[in-house]
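Source file: entry_24.pdb; contents: PDB, C-alpha atoms.
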```pdb
ATOM      1  CA  MET A1496     -10.756  36.579  -9.139
ATOM      2  CA  ASP A1497      -7.974  38.864  -7.875
ATOM      3  CA  ASP A1498      -9.465  38.949  -4.372
ATOM      4  CA  LEU A1499      -8.831  35.183  -4.199
ATOM      5  CA  LEU A1500      -5.148  35.411  -5.178
ATOM      6  CA  VAL A1501      -3.910  35.782  -1.611
ATOM      7  CA  VAL A1502      -0.480  34.391  -0.749
ATOM      8  CA  PRO A1503      -0.626  32.082   2.299
ATOM      9  CA  ASP A1504       1.274  33.399   5.292
ATOM     10  CA  ASP A1505       4.789  32.201   6.052
ATOM     11  CA  ASP A1506       3.722  29.857   8.855
ATOM     12  CA  ALA A1507       1.244  28.101   6.568
ATOM     13  CA  LEU A1508       3.819  27.776   3.806
ATOM     14  CA  ARG A1509       6.395  26.283   6.159
ATOM     15  CA  ARG A1510       3.900  23.814   7.578
ATOM     16  CA  TRP A1511       2.036  22.621   4.498
ATOM     17  CA  VAL A1512       4.480  22.749   1.557
ATOM     18  CA  SER A1513       5.868  19.240   1.094
ATOM     19  CA  PRO A1514       9.656  18.765   1.269
ATOM     20  CA  THR A1515      11.246  19.477  -2.116
ATOM     21  CA  PRO A1516      15.033  19.683  -2.697
ATOM     22  CA  ASP A1517      16.577  23.001  -3.714
ATOM     23  CA  GLY A1518      16.945  23.083  -7.478
ATOM     24  CA  ASP A1519      14.092  20.664  -8.068
ATOM     25  CA  PRO A1520      11.791  21.931 -10.862
ATOM     26  CA  ARG A1521       8.861  21.623  -8.454
ATOM     27  CA  HIS A1522      10.466  23.624  -5.649
ATOM     28  CA  ILE A1523       8.273  26.532  -4.632
ATOM     29  CA  ASP A1524      11.003  28.983  -5.699
ATOM     30  CA  ALA A1525      11.665  27.351  -9.084
ATOM     31  CA  SER A1526       9.272  29.613 -11.013
ATOM     32  CA  ASP A1527       6.155  31.726 -10.719
ATOM     33  CA  ALA A1528       4.177  28.704 -11.888
ATOM     34  CA  THR A1529       5.481  26.409  -9.147
ATOM     35  CA  ALA A1530       4.857  29.104  -6.564
ATOM     36  CA  ALA A1531       1.244  29.361  -7.757
ATOM     37  CA  ALA A1532       0.945  25.577  -7.652
ATOM     38  CA  TRP A1533       2.119  25.386  -4.046
ATOM     39  CA  TYR A1534       0.045  28.375  -2.926
ATOM     40  CA  GLY A1535      -2.966  26.457  -4.195
ATOM     41  CA  VAL A1536      -1.909  23.289  -2.384
ATOM     42  CA  VAL A1537      -1.539  25.193   0.884
ATOM     43  CA  TRP A1538      -4.935  26.884   0.510
ATOM     44  CA  GLY A1539      -6.411  23.470  -0.203
ATOM     45  CA  ARG A1540      -4.970  22.161   3.061
ATOM     46  CA  LEU A1541      -6.510  25.151   4.830
ATOM     47  CA  GLY A1542      -9.928  24.333   3.425
ATOM     48  CA  ARG A1543     -10.065  27.224   0.975
ATOM     49  CA  GLY A1544     -10.842  25.451  -2.259
ATOM     50  CA  ASP A1545     -11.890  28.759  -3.796
ATOM     51  CA  ARG A1546      -8.418  30.222  -3.346
ATOM     52  CA  ALA A1547      -6.700  26.977  -4.361
ATOM     53  CA  PHE A1548      -8.543  26.818  -7.675
ATOM     54  CA  ALA A1549      -7.910  30.527  -8.330
ATOM     55  CA  TRP A1550      -4.143  30.042  -8.034
ATOM     56  CA  TRP A1551      -4.205  26.948 -10.243
ATOM     57  CA  ASP A1552      -6.332  28.717 -12.850
ATOM     58  CA  GLY A1553      -3.430  31.127 -13.323
ATOM     59  CA  CYS A1554      -0.707  28.468 -13.407
ATOM     60  CA  ASP A1555       0.357  28.283 -17.054
ATOM     61  CA  ASP A1556       3.069  25.577 -16.984
ATOM     62  CA  PRO A1557       1.793  22.572 -19.006
ATOM     63  CA  ALA A1558       4.190  20.225 -17.198
ATOM     64  CA  LEU A1559       2.424  20.938 -13.894
ATOM     65  CA  GLN A1560      -1.122  20.362 -15.133
ATOM     66  CA  PRO A1561      -1.383  16.578 -14.472
ATOM     67  CA  TRP A1562      -0.299  17.161 -10.880
ATOM     68  CA  LEU A1563      -2.660  20.102 -10.453
ATOM     69  CA  LEU A1564      -5.594  18.210 -11.955
ATOM     70  CA  GLY A1565      -4.901  15.564  -9.335
ATOM     71  CA  GLU A1566      -4.880  18.276  -6.668
ATOM     72  CA  ARG A1567      -8.201  19.635  -7.938
ATOM     73  CA  GLY A1568      -9.556  16.110  -7.752
ATOM     74  CA  ARG A1569      -8.278  15.727  -4.208
ATOM     75  CA  ILE A1570     -10.110  18.825  -3.021
ATOM     76  CA  VAL A1571     -13.468  17.850  -4.494
ATOM     77  CA  ARG A1572     -13.022  14.203  -3.430
ATOM     78  CA  GLU A1573     -12.404  15.287   0.171
ATOM     79  CA  LEU A1574     -15.697  17.188  -0.047
ATOM     80  CA  GLY A1575     -17.551  14.035  -1.121
ATOM     81  CA  LEU A1576     -17.708  14.623  -4.886
ATOM     82  CA  HIS A1577     -16.002  11.439  -6.024
ATOM     83  CA  THR A1578     -17.380  11.315  -9.559
ATOM     84  CA  ILE A1579     -16.336  14.913 -10.256
ATOM     85  CA  ALA A1580     -12.924  14.097  -8.800
ATOM     86  CA  ARG A1581     -12.642  11.138 -11.171
ATOM     87  CA  GLY A1582     -13.100  13.514 -14.102
ATOM     88  CA  TYR A1583     -10.164  15.613 -12.964
ATOM     89  CA  ASP A1584      -7.984  12.549 -12.338
ATOM     90  CA  GLU A1585      -8.792  10.971 -15.694
ATOM     91  CA  GLY A1586      -8.083  14.303 -17.375
ATOM     92  CA  GLY A1587      -4.708  14.476 -15.681
ATOM     93  CA  LEU A1588      -3.736  11.056 -16.959
ATOM     94  CA  VAL A1589      -4.251  12.110 -20.575
ATOM     95  CA  ASP A1590      -1.101  14.245 -20.594
ATOM     96  CA  ALA A1591       0.844  12.764 -17.673
ATOM     97  CA  THR A1592       4.384  11.756 -18.638
ATOM     98  CA  ASP A1593       6.028  12.010 -15.217
ATOM     99  CA  LEU A1594       5.647   8.532 -13.723
ATOM    100  CA  THR A1595       5.170   9.790 -10.184
ATOM    101  CA  ASP A1596       2.296  11.929 -11.462
ATOM    102  CA  VAL A1597       0.887   8.812 -13.140
ATOM    103  CA  VAL A1598       1.040   6.965  -9.812
ATOM    104  CA  LEU A1599      -0.548   9.913  -8.000
ATOM    105  CA  LEU A1600      -3.437   9.984 -10.462
ATOM    106  CA  ARG A1601      -3.919   6.202 -10.498
ATOM    107  CA  LEU A1602      -4.046   6.178  -6.707
ATOM    108  CA  SER A1603      -6.508   9.049  -6.843
ATOM    109  CA  LEU A1604      -8.705   7.037  -9.208
ATOM    110  CA  ALA A1605      -8.629   4.205  -6.684
ATOM    111  CA  ALA A1606      -9.803   6.619  -3.987
ATOM    112  CA  ASP A1607     -12.509   7.940  -6.317
ATOM    113  CA  ALA A1608     -13.719   4.389  -6.901
ATOM    114  CA  VAL A1609     -13.870   3.765  -3.142
ATOM    115  CA  GLY A1610     -16.092   6.804  -2.765
ATOM    116  CA  GLU A1611     -18.312   5.543  -5.563
ATOM    117  CA  GLY A1612     -18.603   2.139  -3.876
ATOM    118  CA  ASN A1613     -16.734   0.429  -6.712
ATOM    119  CA  GLU A1614     -14.479  -2.063  -4.949
ATOM    120  CA  SER A1615     -13.300  -3.863  -8.079
ATOM    121  CA  GLY A1616     -12.441  -0.579  -9.799
ATOM    122  CA  ALA A1617     -10.571   0.595  -6.718
ATOM    123  CA  ARG A1618      -8.517  -2.590  -6.621
ATOM    124  CA  ARG A1619      -7.697  -2.358 -10.336
ATOM    125  CA  SER A1620      -6.503   1.224 -10.062
ATOM    126  CA  LEU A1621      -4.540   0.436  -6.925
ATOM    127  CA  GLY A1622      -2.886  -2.522  -8.612
ATOM    128  CA  THR A1623      -1.879  -0.480 -11.652
ATOM    129  CA  ALA A1624      -0.476   2.288  -9.478
ATOM    130  CA  SER A1625       1.420  -0.169  -7.285
ATOM    131  CA  SER A1626       3.060  -1.915 -10.223
ATOM    132  CA  ILE A1627       4.525   1.431 -11.355
ATOM    133  CA  LEU A1628       5.277   2.733  -7.872
ATOM    134  CA  ASP A1629       7.364  -0.281  -6.918
ATOM    135  CA  GLU A1630       9.643   0.253  -9.935
ATOM    136  CA  LEU A1631      10.405   3.939  -9.303
ATOM    137  CA  ASP A1632      13.607   5.241  -7.783
ATOM    138  CA  VAL A1633      12.746   6.303  -4.265
ATOM    139  CA  ASP A1634      12.615  10.028  -3.508
ATOM    140  CA  ASP A1635      10.332  12.137  -1.331
ATOM    141  CA  ARG A1636       7.601  12.338  -3.963
ATOM    142  CA  VAL A1637       7.592   8.555  -4.291
ATOM    143  CA  ARG A1638       7.564   8.120  -0.526
ATOM    144  CA  ARG A1639       4.477  10.323  -0.261
ATOM    145  CA  GLN A1640       2.724   8.135  -2.823
ATOM    146  CA  ARG A1641       3.644   5.071  -0.763
ATOM    147  CA  LEU A1642       1.841   6.705   2.163
ATOM    148  CA  ARG A1643      -1.211   7.306   0.001
ATOM    149  CA  ARG A1644      -1.170   3.716  -1.212
ATOM    150  CA  ARG A1645      -1.348   2.481   2.380
ATOM    151  CA  TRP A1646      -4.274   4.774   3.181
ATOM    152  CA  ILE A1647      -6.183   3.584   0.128
ATOM    153  CA  GLU A1648      -5.586  -0.029   1.131
ATOM    154  CA  VAL A1649      -7.325   0.807   4.409
ATOM    155  CA  GLU A1650     -10.227   2.423   2.557
ATOM    156  CA  ILE A1651     -10.656  -0.580   0.289
ATOM    157  CA  ALA A1652     -10.647  -2.953   3.262
ATOM    158  CA  LEU A1653     -13.375  -0.878   4.904
ATOM    159  CA  LEU A1654     -15.390  -0.787   1.682
ATOM    160  CA  ALA A1655     -15.149  -4.572   1.507
ATOM    161  CA  GLY A1656     -16.535  -4.813   5.044
ATOM    162  CA  GLY A1657     -13.330  -6.014   6.661
ATOM    163  CA  GLN A1658     -11.137  -4.703   9.445
ATOM    164  CA  PRO A1659      -8.006  -3.196   7.871
ATOM    165  CA  GLY A1660      -4.591  -4.147   9.102
ATOM    166  CA  ALA A1661      -2.439  -1.534  10.811
ATOM    167  CA  ASP A1662       0.961  -2.422   9.359
ATOM    168  CA  GLY A1663       2.717   0.625   7.914
ATOM    169  CA  LEU A1664       0.550   3.054   9.884
ATOM    170  CA  PRO A1665       1.457   5.226  12.882
ATOM    171  CA  ALA A1666       1.193   3.706  16.355
ATOM    172  CA  GLN A1667       0.920   5.064  19.858
ATOM    173  CA  GLY A1668       4.400   5.158  21.347
ATOM    174  CA  GLY A1669       4.263   6.424  24.896
ATOM    175  CA  ARG A1670       3.131  10.041  25.034
ATOM    176  CA  GLU A1671       3.710  10.677  21.324
ATOM    177  CA  PRO A1672       2.822   8.585  18.266
ATOM    178  CA  THR A1673       5.534   6.919  16.233
ATOM    179  CA  PHE A1674       5.559   7.149  12.449
ATOM    180  CA  PRO A1675       7.007   4.860   9.768
ATOM    181  CA  ALA A1676      10.020   6.352   7.993
ATOM    182  CA  ASP A1677       8.131   7.444   4.854
ATOM    183  CA  TYR A1678       6.314  10.084   6.896
ATOM    184  CA  ASP A1679       9.573  12.052   7.001
ATOM    185  CA  ALA A1680       8.824  12.928   3.361
ATOM    186  CA  GLY A1681       5.502  14.523   4.260
ATOM    187  CA  THR A1682       4.038  17.385   6.255
ATOM    188  CA  ASP A1683       1.710  17.545   9.229
ATOM    189  CA  PHE A1684      -1.087  16.917   6.733
ATOM    190  CA  HIS A1685       0.379  13.502   5.905
ATOM    191  CA  ARG A1686       1.025  12.732   9.562
ATOM    192  CA  ALA A1687      -2.502  13.744  10.540
ATOM    193  CA  LYS A1688      -3.990  11.617   7.769
ATOM    194  CA  GLY A1689      -1.822   8.690   8.813
ATOM    195  CA  LEU A1690      -3.042   9.082  12.394
ATOM    196  CA  LEU A1691      -6.636   9.174  11.147
ATOM    197  CA  PHE A1692      -6.295   5.891   9.276
ATOM    198  CA  ALA A1693      -4.284   4.370  12.126
ATOM    199  CA  GLY A1694      -6.994   5.348  14.598
ATOM    200  CA  ILE A1695      -9.621   3.681  12.428
ATOM    201  CA  ALA A1696      -7.556   0.564  11.761
ATOM    202  CA  ARG A1697      -6.424   0.203  15.381
ATOM    203  CA  GLU A1698      -9.790   1.323  16.810
ATOM    204  CA  ASP A1699      -7.872   3.817  18.939
ATOM    205  CA  GLU A1700      -9.689   7.021  19.875
ATOM    206  CA  GLY A1701      -6.451   8.521  21.165
ATOM    207  CA  LEU A1702      -4.904   8.376  17.715
ATOM    208  CA  LEU A1703      -8.019   9.976  16.251
ATOM    209  CA  ARG A1704      -7.779  12.783  18.795
ATOM    210  CA  GLN A1705      -4.144  13.330  17.865
ATOM    211  CA  ALA A1706      -5.106  13.314  14.181
ATOM    212  CA  SER A1707      -7.605  16.094  14.781
ATOM    213  CA  ALA A1708      -5.135  18.153  16.797
ATOM    214  CA  LEU A1709      -2.536  17.969  14.029
ATOM    215  CA  ALA A1710      -4.892  18.245  11.046
ATOM    216  CA  PRO A1711      -5.502  21.337   8.913
ATOM    217  CA  PRO A1712      -9.130  22.403   8.407
ATOM    218  CA  ALA A1713      -9.505  20.316   5.236
ATOM    219  CA  LEU A1714      -8.980  17.160   7.303
ATOM    220  CA  ARG A1715     -10.024  18.089  10.842
ATOM    221  CA  TRP A1716     -13.745  17.643  10.285
ATOM    222  CA  ALA A1717     -13.149  14.084   9.027
ATOM    223  CA  ALA A1718     -11.052  13.240  12.077
ATOM    224  CA  GLU A1719     -13.805  14.565  14.333
ATOM    225  CA  LEU A1720     -16.469  12.543  12.532
ATOM    226  CA  ALA A1721     -14.296   9.461  13.016
ATOM    227  CA  ARG A1722     -14.074  10.328  16.723
ATOM    228  CA  LEU A1723     -17.848  10.721  16.831
ATOM    229  CA  ASP A1724     -18.276   7.317  15.210
ATOM    230  CA  SER A1725     -15.966   5.847  17.845
ATOM    231  CA  GLY A1726     -18.224   7.167  20.620
ATOM    232  CA  SER A1727     -16.698  10.559  21.494
ATOM    233  CA  GLU A1728     -19.741  12.739  22.089
ATOM    234  CA  ASP A1729     -17.768  16.003  22.189
ATOM    235  CA  ALA A1730     -16.687  15.416  18.584
ATOM    236  CA  ALA A1731     -20.019  16.446  17.039
ATOM    237  CA  GLY A1732     -19.635  20.139  17.770
ATOM    238  CA  LYS A1733     -15.977  20.091  16.792
ATOM    239  CA  ALA A1734     -16.819  18.469  13.453
ATOM    240  CA  VAL A1735     -19.444  21.127  12.737
ATOM    241  CA  GLU A1736     -17.003  23.886  13.697
ATOM    242  CA  ALA A1737     -14.271  22.472  11.434
ATOM    243  CA  TRP A1738     -16.660  22.047   8.489
ATOM    244  CA  ALA A1739     -17.746  25.668   8.849
ATOM    245  CA  GLN A1740     -14.203  26.738   7.889
ATOM    246  CA  ILE A1741     -14.412  24.967   4.512
ATOM    247  CA  VAL A1742     -15.001  27.090   1.398
ATOM    248  CA  PRO A1743     -15.486  24.909  -1.705
ATOM    249  CA  PRO A1744     -14.450  25.913  -5.213
ATOM    250  CA  PRO A1745     -17.380  28.032  -6.490
ATOM    251  CA  ALA A1746     -18.220  25.682  -9.367
ATOM    252  CA  VAL A1747     -19.003  22.809  -6.995
ATOM    253  CA  ALA A1748     -20.387  24.637  -3.960
ATOM    254  CA  THR A1749     -23.996  23.669  -4.727
ATOM    255  CA  ALA A1750     -23.046  20.027  -5.276
ATOM    256  CA  VAL A1751     -21.078  19.923  -2.009
ATOM    257  CA  ALA A1752     -24.148  21.055  -0.096
ATOM    258  CA  THR A1753     -26.034  17.962  -1.277
ATOM    259  CA  THR A1754     -23.433  15.378  -0.226
ATOM    260  CA  ALA A1755     -24.091  12.896   2.555
ATOM    261  CA  THR A1756     -21.335  14.482   4.645
ATOM    262  CA  ALA A1757     -22.788  17.983   4.359
ATOM    263  CA  GLN A1758     -26.257  16.699   5.210
ATOM    264  CA  ARG A1759     -24.936  14.816   8.222
ATOM    265  CA  LEU A1760     -23.117  17.892   9.523
ATOM    266  CA  ARG A1761     -26.232  20.024   9.077
ATOM    267  CA  ARG A1762     -28.131  17.521  11.224
ATOM    268  CA  LEU A1763     -25.382  17.632  13.833
ATOM    269  CA  ALA A1764     -25.591  21.415  13.844
ATOM    270  CA  GLY A1765     -29.332  21.174  14.458
ATOM    271  CA  ARG A1766     -30.255  22.857  11.191
TER
END
```
Since I need it in another form, could you write the structure as structure tokens?
Amino acid sequence: MDDLLVVPDDDALRRWVSPTPDGDPRHIDASDATAAAWYGVVWGRLGRGDRAFAWWDGCDDPALQPWLLGERGRIVRELGLHTIARGYDEGGLVDATDLTDVVLLRLSLAADAVGEGNESGARRSLGTASSILDELDVDDRVRRQRLRRRWIEVEIALLAGGQPGADGLPAQGGREPTFPADYDAGTDFHRAKGLLFAGIAREDEGLLRQASALAPPALRWAAELARLDSGSEDAAGKAVEAWAQIVPPPAVATAVATTATAQRLRRLAGR
């Protein structure tokens, strides 16, 4: 285990740790536990689920566990294991008292349901999360959940067979994309994910290309697959290359290898 407890380098920490005010109990410098929590988040962004889970396994602050269960769910969901992710998210809700954590987990359950093809379940979870989210005082954590809500709305529209609207998503603005104000509360991960959903909703390959350029490894392969689906032939090799950087948490590595995404990427690699 100790060989997995590597602290991310300073550049990675600056780029992938979400904005948190000084003195906030979830600031990276607030305690050893919050530092471990954020180290895991950063490794998750970098595609190293093994290192992320190792840091969270040693995080002993009970108040952080609902959030970290949601983060565990996010990693396995991004790898295509939606039912396993749902188990983490449901487990987090059991002890969640922080309402922003509750929203995070309810939105995650909506995303899990999308991956399971359960449109009605996704809409129920989204509705429950939204009813709480709209009543919260707005801070950066809340603003990041508003971003996630918009992305999940896009996913549900796609699941239902419709063309999602692009309101509230980034747009191409001259040479650089423009972002709605809530993206100021996020990192390049949030901006890359917003560009990914905007590229899909707007059917704009340029936005997808920008998403891939900005994305960390955990998201880059998905942006390249979206580019491939939009007709960009050079995206196949880039998707395979990005996926090769991903190291799943050991407990789910075998399951990840059987997912539709992993099988598709093996075919693209000619294996």
Contacts of stretch 1636-1648 of chain A at 9 Å (all atoms listed in the file; same-chain gap of 3+ positions) as a ChimeraX atom specification: /A:1513-1515,1595,1598-1599,1602-1603,1605-1606,1609,1617-1618,1621,1624-1625,1628-1629,1631-1633,1651-1653,1659,1662-1664,1677-1681,1685,1688-1689,1692-1693
Expected file contents, prior selection, C-alpha atoms, as a compact mmCIF listing (two decimals), in the frame of the given file:
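Here's the written file result24.txt:
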```txt
# COMPACT_ATOMS: atom_id res chain seq x y z
CA SER A 1513 5.87 19.24 1.09
CA PRO A 1514 9.66 18.76 1.27
CA THR A 1515 11.25 19.48 -2.12
CA THR A 1595 5.17 9.79 -10.18
CA VAL A 1598 1.04 6.96 -9.81
CA LEU A 1599 -0.55 9.91 -8.00
CA LEU A 1602 -4.05 6.18 -6.71
CA SER A 1603 -6.51 9.05 -6.84
CA ALA A 1605 -8.63 4.20 -6.68
CA ALA A 1606 -9.80 6.62 -3.99
CA VAL A 1609 -13.87 3.76 -3.14
CA ALA A 1617 -10.57 0.60 -6.72
CA ARG A 1618 -8.52 -2.59 -6.62
CA LEU A 1621 -4.54 0.44 -6.92
CA ALA A 1624 -0.48 2.29 -9.48
CA SER A 1625 1.42 -0.17 -7.28
CA LEU A 1628 5.28 2.73 -7.87
CA ASP A 1629 7.36 -0.28 -6.92
CA LEU A 1631 10.40 3.94 -9.30
CA ASP A 1632 13.61 5.24 -7.78
CA VAL A 1633 12.75 6.30 -4.26
CA ILE A 1651 -10.66 -0.58 0.29
CA ALA A 1652 -10.65 -2.95 3.26
CA LEU A 1653 -13.38 -0.88 4.90
CA PRO A 1659 -8.01 -3.20 7.87
CA ASP A 1662 0.96 -2.42 9.36
CA GLY A 1663 2.72 0.62 7.91
CA LEU A 1664 0.55 3.05 9.88
CA ASP A 1677 8.13 7.44 4.85
CA TYR A 1678 6.31 10.08 6.90
CA ASP A 1679 9.57 12.05 7.00
CA ALA A 1680 8.82 12.93 3.36
CA GLY A 1681 5.50 14.52 4.26
CA HIS A 1685 0.38 13.50 5.90
CA LYS A 1688 -3.99 11.62 7.77
CA GLY A 1689 -1.82 8.69 8.81
CA PHE A 1692 -6.30 5.89 9.28
CA ALA A 1693 -4.28 4.37 12.13
```
Report the centre and edge lengths, in Å to one decimal, of an axis-aligned box enclosing every atom of stretch 1666-1673 of chain A listed in the file, padded by 5 Å on each side, as JSON.
```
{"center_x": 3.2, "center_y": 7.2, "center_z": 20.6, "size_x": 14.6, "size_y": 17.0, "size_z": 18.8}
```
Expected residue set, 12 Å radius at (-4.0, 19.8, -8.7), only C-alpha atoms, as a VMD selection string: chain A and resid 1529 1531 to 1539 1544 1547 to 1552 1554 1558 to 1572 1580 1583 to 1584 1586 to 1587 1596 1599 to 1600 1603
Generate a file of the selected residues that holds C-alpha atoms, formatted as a PDB file, keeping the file's coordinate frame.
```
ATOM      1  CA  THR A1529       5.481  26.409  -9.147  1.00  0.00           C
ATOM      2  CA  ALA A1531       1.244  29.361  -7.757  1.00  0.00           C
ATOM      3  CA  ALA A1532       0.945  25.577  -7.652  1.00  0.00           C
ATOM      4  CA  TRP A1533       2.119  25.386  -4.046  1.00  0.00           C
ATOM      5  CA  TYR A1534       0.045  28.375  -2.926  1.00  0.00           C
ATOM      6  CA  GLY A1535      -2.966  26.457  -4.195  1.00  0.00           C
ATOM      7  CA  VAL A1536      -1.909  23.289  -2.384  1.00  0.00           C
ATOM      8  CA  VAL A1537      -1.539  25.193   0.884  1.00  0.00           C
ATOM      9  CA  TRP A1538      -4.935  26.884   0.510  1.00  0.00           C
ATOM     10  CA  GLY A1539      -6.411  23.470  -0.203  1.00  0.00           C
ATOM     11  CA  GLY A1544     -10.842  25.451  -2.259  1.00  0.00           C
ATOM     12  CA  ALA A1547      -6.700  26.977  -4.361  1.00  0.00           C
ATOM     13  CA  PHE A1548      -8.543  26.818  -7.675  1.00  0.00           C
ATOM     14  CA  ALA A1549      -7.910  30.527  -8.330  1.00  0.00           C
ATOM     15  CA  TRP A1550      -4.143  30.042  -8.034  1.00  0.00           C
ATOM     16  CA  TRP A1551      -4.205  26.948 -10.243  1.00  0.00           C
ATOM     17  CA  ASP A1552      -6.332  28.717 -12.850  1.00  0.00           C
ATOM     18  CA  CYS A1554      -0.707  28.468 -13.407  1.00  0.00           C
ATOM     19  CA  ALA A1558       4.190  20.225 -17.198  1.00  0.00           C
ATOM     20  CA  LEU A1559       2.424  20.938 -13.894  1.00  0.00           C
ATOM     21  CA  GLN A1560      -1.122  20.362 -15.133  1.00  0.00           C
ATOM     22  CA  PRO A1561      -1.383  16.578 -14.472  1.00  0.00           C
ATOM     23  CA  TRP A1562      -0.299  17.161 -10.880  1.00  0.00           C
ATOM     24  CA  LEU A1563      -2.660  20.102 -10.453  1.00  0.00           C
ATOM     25  CA  LEU A1564      -5.594  18.210 -11.955  1.00  0.00           C
ATOM     26  CA  GLY A1565      -4.901  15.564  -9.335  1.00  0.00           C
ATOM     27  CA  GLU A1566      -4.880  18.276  -6.668  1.00  0.00           C
ATOM     28  CA  ARG A1567      -8.201  19.635  -7.938  1.00  0.00           C
ATOM     29  CA  GLY A1568      -9.556  16.110  -7.752  1.00  0.00           C
ATOM     30  CA  ARG A1569      -8.278  15.727  -4.208  1.00  0.00           C
ATOM     31  CA  ILE A1570     -10.110  18.825  -3.021  1.00  0.00           C
ATOM     32  CA  VAL A1571     -13.468  17.850  -4.494  1.00  0.00           C
ATOM     33  CA  ARG A1572     -13.022  14.203  -3.430  1.00  0.00           C
ATOM     34  CA  ALA A1580     -12.924  14.097  -8.800  1.00  0.00           C
ATOM     35  CA  TYR A1583     -10.164  15.613 -12.964  1.00  0.00           C
ATOM     36  CA  ASP A1584      -7.984  12.549 -12.338  1.00  0.00           C
ATOM     37  CA  GLY A1586      -8.083  14.303 -17.375  1.00  0.00           C
ATOM     38  CA  GLY A1587      -4.708  14.476 -15.681  1.00  0.00           C
ATOM     39  CA  ASP A1596       2.296  11.929 -11.462  1.00  0.00           C
ATOM     40  CA  LEU A1599      -0.548   9.913  -8.000  1.00  0.00           C
ATOM     41  CA  LEU A1600      -3.437   9.984 -10.462  1.00  0.00           C
ATOM     42  CA  SER A1603      -6.508   9.049  -6.843  1.00  0.00           C
TER      43      SER A1603
END
```
Within 8 Å of A:Arg1704 using only C-alpha atoms, minus same-chain residues under 6 positions, as a ChimeraX atom specification: /A:1718-1719,1722
Coordinates-based distance that separates atom CA of A:Asp1519 from atom CA of A:Ile1627 (Å, one decimal): 21.7 Å
